[in-house]
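Contents: one structure, followed by commentary.
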Amino acid sequence: MSEFTENPFASSHSLDTNPFDDPSSKQAAQHDAHFEDISRRERDLERRERELNQRAEHIRTHGRNNWPPFYPLIYHSISEEIPEASRPLITRLYQLWLVLLGTLIVNMVACIFLLIAGSSDGGKDLGGSIGYLFIIAPLSFLLWYRPIYNGYMKEQALYYYFYFFFGGFHLLFSVYMIIGIPSTGSAGLIQMIQMYAQGHWAAGILGTVATVGWTVQGLGNAFYYRQIWNHHSAAGHTMDKAKAELASHGAKAYFTRG
């Protein structure tokens, strides 16, 4: 019915359209928009090409290794290598290792302030704290974090026993550092209290931060140690399996991806 009610003489042009508009200006605007879109795509392609070239150069120099970032020695990718269900746990363990690294640095700085404050054992504390930073940091990564990372990646028994042994030692070391016995290289509780009592606030505050750091990473590692033990038991890993894996692959395999 609407076909018979439409006005056959009605204009198809909108009344809002200016009949004096220059159509070439619209074409120029469309051309500019098209040119801008092409330019954006070219920039995006150039960026991707640079990233691919950088990645290719990295692989040529270091292989797939990506950690540590400043001098890659190993490949470390929780999202790619760890099963999805276990990623949160391994991520938390890695974060706890980073807390440990930060605590070792703060502990060393605190021991510098202990020496400045006139502590009779300040020299021994500073020497010990420097040793901890350069020894405990890499060894903790290699001896308990990396084995359990590989353990969840490959689900083999020997990794878990590496972790339980060295992770247990680390828990004891954390308690030792929390206490803060003078001349041991720790700015823990005892040292912290002494600094506050003597009015050395800077040393006391740094000792507090170090003590909190040792406590947080220690309690966190203890919590996940128990979770990992339960997982290991449920998975049926035994010492006999670990011995068989050691005989089959050798110890070197347990610090590699293969």
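Letters for chains follow the order of the structure tokens (A, B, ...), residue numbers begin at 1 for each chain, and ligand numbers begin at 1 in the order shown.
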
Can I get the residues of segment 147-252 of chain A within 12 Å of segment 120-128 of chain A, each with the closest pair of atoms and their distance in Å to one decimal, using only C-alpha atoms, sorted chain first then ascending number, as CSV?
residue,atom,partner,partner_atom,distance
A:Met177,CA,A:Gly128,CA,11.3
A:Gly180,CA,A:Asp125,CA,9.9
A:Ile181,CA,A:Asp125,CA,9.4
A:Pro182,CA,A:Asp121,CA,6.5
A:Ser183,CA,A:Asp125,CA,4.8
A:Thr184,CA,A:Asp125,CA,5.6
A:Gly185,CA,A:Asp125,CA,3.7
A:Ser186,CA,A:Asp125,CA,6.5
A:Ala187,CA,A:Asp125,CA,7.9
A:Gly188,CA,A:Asp125,CA,11.0
A:Gln191,CA,A:Asp125,CA,10.1
A:Gln194,CA,A:Ser120,CA,11.8
A:Met195,CA,A:Gly122,CA,11.8
A:Ala203,CA,A:Gly122,CA,11.4

What's around Ser77 of chain A at 10 Å? Count only C-alpha atoms, leave out sequence neighbours fewer than 4 positions away in its own chain, and write the answer as a compact mmCIF listing (two decimals) with all heavy atoms, in the first residue's frame.
# COMPACT_ATOMS: atom_id res chain seq x y z
N ASN A 65 67.35 -18.74 25.43
CA ASN A 65 67.55 -18.27 26.80
C ASN A 65 67.04 -16.84 26.97
O ASN A 65 67.28 -15.98 26.12
CB ASN A 65 69.02 -18.35 27.18
CG ASN A 65 69.54 -19.77 27.19
OD1 ASN A 65 68.75 -20.72 27.28
ND2 ASN A 65 70.84 -19.95 27.09
N ASN A 66 66.35 -16.60 28.07
CA ASN A 66 65.78 -15.27 28.31
C ASN A 66 65.93 -14.80 29.75
O ASN A 66 65.39 -13.76 30.13
CB ASN A 66 64.29 -15.26 27.93
CG ASN A 66 63.47 -16.21 28.78
OD1 ASN A 66 64.00 -16.98 29.59
ND2 ASN A 66 62.16 -16.16 28.61
N TRP A 67 66.66 -15.57 30.58
CA TRP A 67 66.79 -15.20 31.99
C TRP A 67 68.21 -15.48 32.47
O TRP A 67 68.76 -16.54 32.16
CB TRP A 67 65.79 -16.00 32.83
CG TRP A 67 65.55 -15.41 34.18
CD1 TRP A 67 64.54 -14.57 34.56
CD2 TRP A 67 66.36 -15.61 35.37
NE1 TRP A 67 64.67 -14.23 35.87
CE2 TRP A 67 65.78 -14.85 36.39
CE3 TRP A 67 67.52 -16.33 35.64
CZ2 TRP A 67 66.31 -14.81 37.68
CZ3 TRP A 67 68.06 -16.28 36.91
CH2 TRP A 67 67.46 -15.54 37.92
N GLU A 81 55.83 -23.16 29.97
CA GLU A 81 56.39 -24.45 30.37
C GLU A 81 55.65 -25.14 31.51
O GLU A 81 55.79 -26.34 31.69
CB GLU A 81 57.87 -24.27 30.75
CG GLU A 81 58.74 -23.81 29.59
CD GLU A 81 60.22 -23.92 29.90
OE1 GLU A 81 60.66 -23.35 30.92
OE2 GLU A 81 60.93 -24.58 29.13
N ILE A 82 54.92 -24.39 32.31
CA ILE A 82 54.27 -24.97 33.49
C ILE A 82 52.81 -25.24 33.17
O ILE A 82 52.12 -24.38 32.59
CB ILE A 82 54.38 -24.02 34.70
CG1 ILE A 82 55.84 -23.68 34.97
CG2 ILE A 82 53.74 -24.65 35.92
CD1 ILE A 82 56.73 -24.86 35.27
N TYR A 149 60.60 -25.81 39.73
CA TYR A 149 60.09 -25.34 38.43
C TYR A 149 60.13 -26.50 37.44
O TYR A 149 59.15 -26.80 36.76
CB TYR A 149 60.95 -24.17 37.96
CG TYR A 149 60.61 -23.61 36.60
CD1 TYR A 149 59.82 -22.47 36.48
CD2 TYR A 149 61.10 -24.18 35.44
CE1 TYR A 149 59.52 -21.93 35.24
CE2 TYR A 149 60.82 -23.65 34.19
CZ TYR A 149 60.02 -22.52 34.09
OH TYR A 149 59.74 -22.00 32.85

For Pro138 of chain A, find every residue with an atom within 12 Å (counting only C-alpha atoms), except residues of its own chain fewer than 6 positions away, and show them as a list in words.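 Those residues are Pro68, Trp97, Leu98, Leu100, Leu101, Leu104, Gly131, Tyr132, Trp144, Tyr145 and Arg146 of chain A.
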
For Leu133 of chain A, find every residue with an atom within 8 Å (counting only C-alpha atoms), except residues of its own chain fewer than 2 positions away, and show them as a VMD selection string. chain A and resid 101 104 to 105 108 129 to 131 135 to 137

Among listed residues A:Phe162, A:Tyr176, A:Phe141, A:Trp229, nearest Thr211 of chain A (using only C-alpha atoms): A:Tyr176

At a cut-off of 9 Å, using only C-alpha atoms, what residues contact segment 172-175 of chain A? Leave out same-chain residues fewer than 2 positions from it and give the result as a ChimeraX atom specification. /A:167-170,177-179,214-215,217-218

Residues within 8 Å of Thr238 of chain A, please, as a list of chain:residue names. Count only C-alpha atoms; anything in the same chain fewer than 3 positions from it doesn't count.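 After dropping sequence-adjacent residues, the list is A:Ala157, A:Lys241, A:Ala242.
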
Run DSSP on the backbone of this structure and report the residues of segment 68-156 of chain A it assigns to alpha helix (DSSP H), as a tab-separated table (two decimals) with N, CA, C and O atoms, in the first residue's frame.
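Result file part_4.tsv:
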chain	number	residue	atom	x	y	z
A	78	ILE	N	57.06	-19.32	32.75
A	78	ILE	CA	56.04	-20.06	33.49
A	78	ILE	C	54.81	-20.29	32.63
A	78	ILE	O	54.22	-21.38	32.64
A	79	SER	N	54.41	-19.28	31.84
A	79	SER	CA	53.20	-19.40	31.03
A	79	SER	C	53.32	-20.45	29.93
A	79	SER	O	52.33	-21.03	29.51
A	80	GLU	N	54.55	-20.71	29.46
A	80	GLU	CA	54.74	-21.66	28.38
A	80	GLU	C	55.11	-23.06	28.87
A	80	GLU	O	54.73	-24.05	28.24
A	81	GLU	N	55.83	-23.16	29.97
A	81	GLU	CA	56.39	-24.45	30.37
A	81	GLU	C	55.65	-25.14	31.51
A	81	GLU	O	55.79	-26.34	31.69
A	87	ARG	N	50.53	-23.13	37.50
A	87	ARG	CA	51.17	-21.83	37.26
A	87	ARG	C	51.07	-20.87	38.45
A	87	ARG	O	52.05	-20.19	38.77
A	88	PRO	N	49.90	-20.77	39.12
A	88	PRO	CA	49.84	-19.86	40.27
A	88	PRO	C	50.86	-20.19	41.34
A	88	PRO	O	51.50	-19.29	41.91
A	89	LEU	N	51.05	-21.48	41.64
A	89	LEU	CA	52.01	-21.88	42.67
A	89	LEU	C	53.44	-21.51	42.27
A	89	LEU	O	54.18	-20.93	43.07
A	90	ILE	N	53.82	-21.85	41.04
A	90	ILE	CA	55.19	-21.54	40.60
A	90	ILE	C	55.40	-20.04	40.51
A	90	ILE	O	56.48	-19.52	40.83
A	91	THR	N	54.37	-19.31	40.11
A	91	THR	CA	54.47	-17.85	40.08
A	91	THR	C	54.72	-17.29	41.47
A	91	THR	O	55.56	-16.40	41.66
A	92	ARG	N	54.01	-17.82	42.47
A	92	ARG	CA	54.21	-17.35	43.85
A	92	ARG	C	55.61	-17.70	44.34
A	92	ARG	O	56.26	-16.90	45.03
A	93	LEU	N	56.11	-18.88	43.99
A	93	LEU	CA	57.47	-19.25	44.40
A	93	LEU	C	58.49	-18.32	43.76
A	93	LEU	O	59.48	-17.93	44.40
A	94	TYR	N	58.27	-17.97	42.49
A	94	TYR	CA	59.19	-17.04	41.83
A	94	TYR	C	59.12	-15.67	42.49
A	94	TYR	O	60.16	-15.01	42.70
A	95	GLN	N	57.93	-15.23	42.85
A	95	GLN	CA	57.79	-13.95	43.55
A	95	GLN	C	58.48	-13.99	44.90
A	95	GLN	O	59.10	-13.00	45.33
A	96	LEU	N	58.39	-15.12	45.59
A	96	LEU	CA	59.08	-15.26	46.88
A	96	LEU	C	60.60	-15.22	46.68
A	96	LEU	O	61.32	-14.68	47.53
A	97	TRP	N	61.08	-15.79	45.58
A	97	TRP	CA	62.51	-15.70	45.31
A	97	TRP	C	62.91	-14.25	45.07
A	97	TRP	O	63.97	-13.81	45.51
A	98	LEU	N	62.06	-13.49	44.38
A	98	LEU	CA	62.34	-12.07	44.17
A	98	LEU	C	62.33	-11.31	45.50
A	98	LEU	O	63.15	-10.40	45.71
A	99	VAL	N	61.42	-11.68	46.40
A	99	VAL	CA	61.41	-11.07	47.74
A	99	VAL	C	62.71	-11.39	48.46
A	99	VAL	O	63.30	-10.53	49.13
A	100	LEU	N	63.17	-12.63	48.32
A	100	LEU	CA	64.45	-13.02	48.91
A	100	LEU	C	65.58	-12.16	48.37
A	100	LEU	O	66.42	-11.67	49.14
A	101	LEU	N	65.61	-11.97	47.07
A	101	LEU	CA	66.66	-11.16	46.45
A	101	LEU	C	66.61	-9.73	46.99
A	101	LEU	O	67.66	-9.16	47.36
A	102	GLY	N	65.42	-9.15	47.05
A	102	GLY	CA	65.28	-7.80	47.60
A	102	GLY	C	65.70	-7.73	49.06
A	102	GLY	O	66.33	-6.76	49.50
A	103	THR	N	65.37	-8.78	49.83
A	103	THR	CA	65.73	-8.81	51.25
A	103	THR	C	67.24	-8.88	51.42
A	103	THR	O	67.79	-8.23	52.32
A	104	LEU	N	67.90	-9.65	50.59
A	104	LEU	CA	69.36	-9.73	50.67
A	104	LEU	C	70.00	-8.37	50.40
A	104	LEU	O	70.99	-8.00	51.05
A	105	ILE	N	69.44	-7.62	49.46
A	105	ILE	CA	69.97	-6.29	49.16
A	105	ILE	C	69.74	-5.34	50.34
A	105	ILE	O	70.65	-4.62	50.78
A	106	VAL	N	68.51	-5.33	50.87
A	106	VAL	CA	68.20	-4.47	52.02
A	106	VAL	C	69.04	-4.86	53.23
A	106	VAL	O	69.54	-4.00	53.97
A	107	ASN	N	69.23	-6.15	53.43
A	107	ASN	CA	70.04	-6.63	54.54
A	107	ASN	C	71.47	-6.12	54.44
A	107	ASN	O	72.08	-5.71	55.44
A	108	MET	N	72.03	-6.12	53.23
A	108	MET	CA	73.38	-5.60	53.03
A	108	MET	C	73.45	-4.11	53.35
A	108	MET	O	74.38	-3.64	54.02
A	109	VAL	N	72.47	-3.35	52.86
A	109	VAL	CA	72.44	-1.91	53.15
A	109	VAL	C	72.30	-1.67	54.65
A	109	VAL	O	72.95	-0.77	55.22
A	110	ALA	N	71.46	-2.47	55.31
A	110	ALA	CA	71.29	-2.33	56.76
A	110	ALA	C	72.60	-2.60	57.49
A	110	ALA	O	72.92	-1.91	58.47
A	111	CYS	N	73.36	-3.57	57.00
A	111	CYS	CA	74.65	-3.87	57.64
A	111	CYS	C	75.67	-2.74	57.42
A	111	CYS	O	76.53	-2.50	58.26
A	112	ILE	N	75.55	-2.03	56.30
A	112	ILE	CA	76.39	-0.84	56.11
A	112	ILE	C	76.07	0.19	57.19
A	112	ILE	O	76.97	0.80	57.79
A	113	PHE	N	74.78	0.38	57.48
A	113	PHE	CA	74.37	1.32	58.51
A	113	PHE	C	74.75	0.82	59.90
A	113	PHE	O	75.01	1.64	60.80
A	114	LEU	N	74.77	-0.49	60.10
A	114	LEU	CA	75.27	-1.02	61.37
A	114	LEU	C	76.72	-0.63	61.58
A	114	LEU	O	77.13	-0.23	62.68
A	115	LEU	N	77.51	-0.74	60.53
A	115	LEU	CA	78.92	-0.37	60.61
A	115	LEU	C	79.06	1.12	60.88
A	115	LEU	O	79.88	1.54	61.72
A	116	ILE	N	78.28	1.94	60.18
A	116	ILE	CA	78.33	3.39	60.39
A	116	ILE	C	77.90	3.75	61.82
A	116	ILE	O	78.45	4.69	62.43
A	122	GLY	N	80.30	-4.70	63.14
A	122	GLY	CA	79.79	-4.17	61.89
A	122	GLY	C	80.55	-4.65	60.67
A	122	GLY	O	79.95	-4.93	59.62
A	123	GLY	N	81.87	-4.77	60.78
A	123	GLY	CA	82.67	-5.24	59.65
A	123	GLY	C	82.34	-6.67	59.28
A	123	GLY	O	82.19	-7.00	58.09
A	124	LYS	N	82.20	-7.53	60.29
A	124	LYS	CA	81.84	-8.92	60.04
A	124	LYS	C	80.44	-9.02	59.44
A	124	LYS	O	80.20	-9.82	58.52
A	125	ASP	N	79.52	-8.21	59.96
A	125	ASP	CA	78.16	-8.23	59.44
A	125	ASP	C	78.13	-7.80	57.98
A	125	ASP	O	77.44	-8.43	57.15
A	126	LEU	N	78.87	-6.75	57.65
A	126	LEU	CA	78.87	-6.27	56.27
A	126	LEU	C	79.49	-7.31	55.35
A	126	LEU	O	78.96	-7.59	54.27
A	127	GLY	N	80.62	-7.90	55.76
A	127	GLY	CA	81.25	-8.93	54.94
A	127	GLY	C	80.33	-10.12	54.72
A	127	GLY	O	80.21	-10.64	53.60
A	128	GLY	N	79.65	-10.54	55.79
A	128	GLY	CA	78.72	-11.66	55.67
A	128	GLY	C	77.54	-11.35	54.77
A	128	GLY	O	77.12	-12.18	53.96
A	129	SER	N	77.01	-10.13	54.90
A	129	SER	CA	75.85	-9.75	54.09
A	129	SER	C	76.19	-9.69	52.61
A	129	SER	O	75.37	-10.06	51.76
A	130	ILE	N	77.41	-9.22	52.28
A	130	ILE	CA	77.83	-9.20	50.88
A	130	ILE	C	77.97	-10.62	50.34
A	130	ILE	O	77.56	-10.93	49.22
A	131	GLY	N	78.54	-11.49	51.17
A	131	GLY	CA	78.66	-12.90	50.77
A	131	GLY	C	77.31	-13.54	50.53
A	131	GLY	O	77.12	-14.26	49.55
A	132	TYR	N	76.34	-13.25	51.42
A	132	TYR	CA	75.00	-13.81	51.24
A	132	TYR	C	74.38	-13.35	49.92
A	132	TYR	O	73.75	-14.15	49.21
A	133	LEU	N	74.55	-12.07	49.60
A	133	LEU	CA	73.95	-11.54	48.39
A	133	LEU	C	74.47	-12.25	47.14
A	133	LEU	O	73.70	-12.61	46.24
A	134	PHE	N	75.79	-12.47	47.09
A	134	PHE	CA	76.37	-13.04	45.88
A	134	PHE	C	76.42	-14.56	45.88
A	134	PHE	O	76.73	-15.17	44.85
A	135	ILE	N	76.12	-15.18	47.02
A	135	ILE	CA	76.12	-16.65	47.08
A	135	ILE	C	74.71	-17.20	47.22
A	135	ILE	O	74.29	-18.08	46.45
A	136	ILE	N	73.96	-16.68	48.19
A	136	ILE	CA	72.63	-17.22	48.45
A	136	ILE	C	71.68	-16.93	47.30
A	136	ILE	O	70.86	-17.79	46.92
A	137	ALA	N	71.78	-15.74	46.69
A	137	ALA	CA	70.84	-15.40	45.61
A	137	ALA	C	70.92	-16.40	44.45
A	137	ALA	O	69.89	-16.98	44.07
A	138	PRO	N	72.10	-16.63	43.85
A	138	PRO	CA	72.13	-17.59	42.73
A	138	PRO	C	71.90	-19.04	43.17
A	138	PRO	O	71.23	-19.80	42.47
A	139	LEU	N	72.45	-19.42	44.34
A	139	LEU	CA	72.29	-20.81	44.77
A	139	LEU	C	70.83	-21.13	45.09
A	139	LEU	O	70.35	-22.23	44.81
A	140	SER	N	70.12	-20.18	45.68
A	140	SER	CA	68.70	-20.43	45.99
A	140	SER	C	67.90	-20.62	44.70
A	140	SER	O	66.99	-21.45	44.65
A	146	ARG	N	64.71	-23.54	40.83
A	146	ARG	CA	64.77	-24.17	39.50
A	146	ARG	C	64.38	-25.65	39.54
A	146	ARG	O	63.65	-26.12	38.66
A	147	PRO	N	64.80	-26.42	40.55
A	147	PRO	CA	64.36	-27.82	40.59
A	147	PRO	C	62.84	-27.98	40.68
A	147	PRO	O	62.27	-28.83	40.01
A	148	ILE	N	62.18	-27.15	41.51
A	148	ILE	CA	60.73	-27.34	41.62
A	148	ILE	C	60.02	-26.80	40.38
A	148	ILE	O	58.97	-27.31	39.98
A	149	TYR	N	60.60	-25.81	39.73
A	149	TYR	CA	60.09	-25.34	38.43
A	149	TYR	C	60.13	-26.50	37.44
A	149	TYR	O	59.15	-26.80	36.76
A	150	ASN	N	61.28	-27.16	37.35
A	150	ASN	CA	61.40	-28.32	36.46
A	150	ASN	C	60.52	-29.48	36.92
A	150	ASN	O	60.02	-30.25	36.10
A	151	GLY	N	60.36	-29.61	38.24
A	151	GLY	CA	59.53	-30.68	38.76
A	151	GLY	C	58.10	-30.59	38.27
A	151	GLY	O	57.51	-31.58	37.82
A	152	TYR	N	57.53	-29.39	38.33
A	152	TYR	CA	56.16	-29.22	37.86
A	152	TYR	C	56.09	-29.23	36.34
A	152	TYR	O	55.04	-29.56	35.78
A	153	MET	N	57.18	-28.89	35.67
A	153	MET	CA	57.18	-28.92	34.21
A	153	MET	C	57.24	-30.36	33.70
A	153	MET	O	56.51	-30.73	32.78
A	154	LYS	N	58.10	-31.19	34.31
A	154	LYS	CA	58.32	-32.55	33.81
A	154	LYS	C	57.66	-33.62	34.66
A	154	LYS	O	57.54	-34.76	34.23
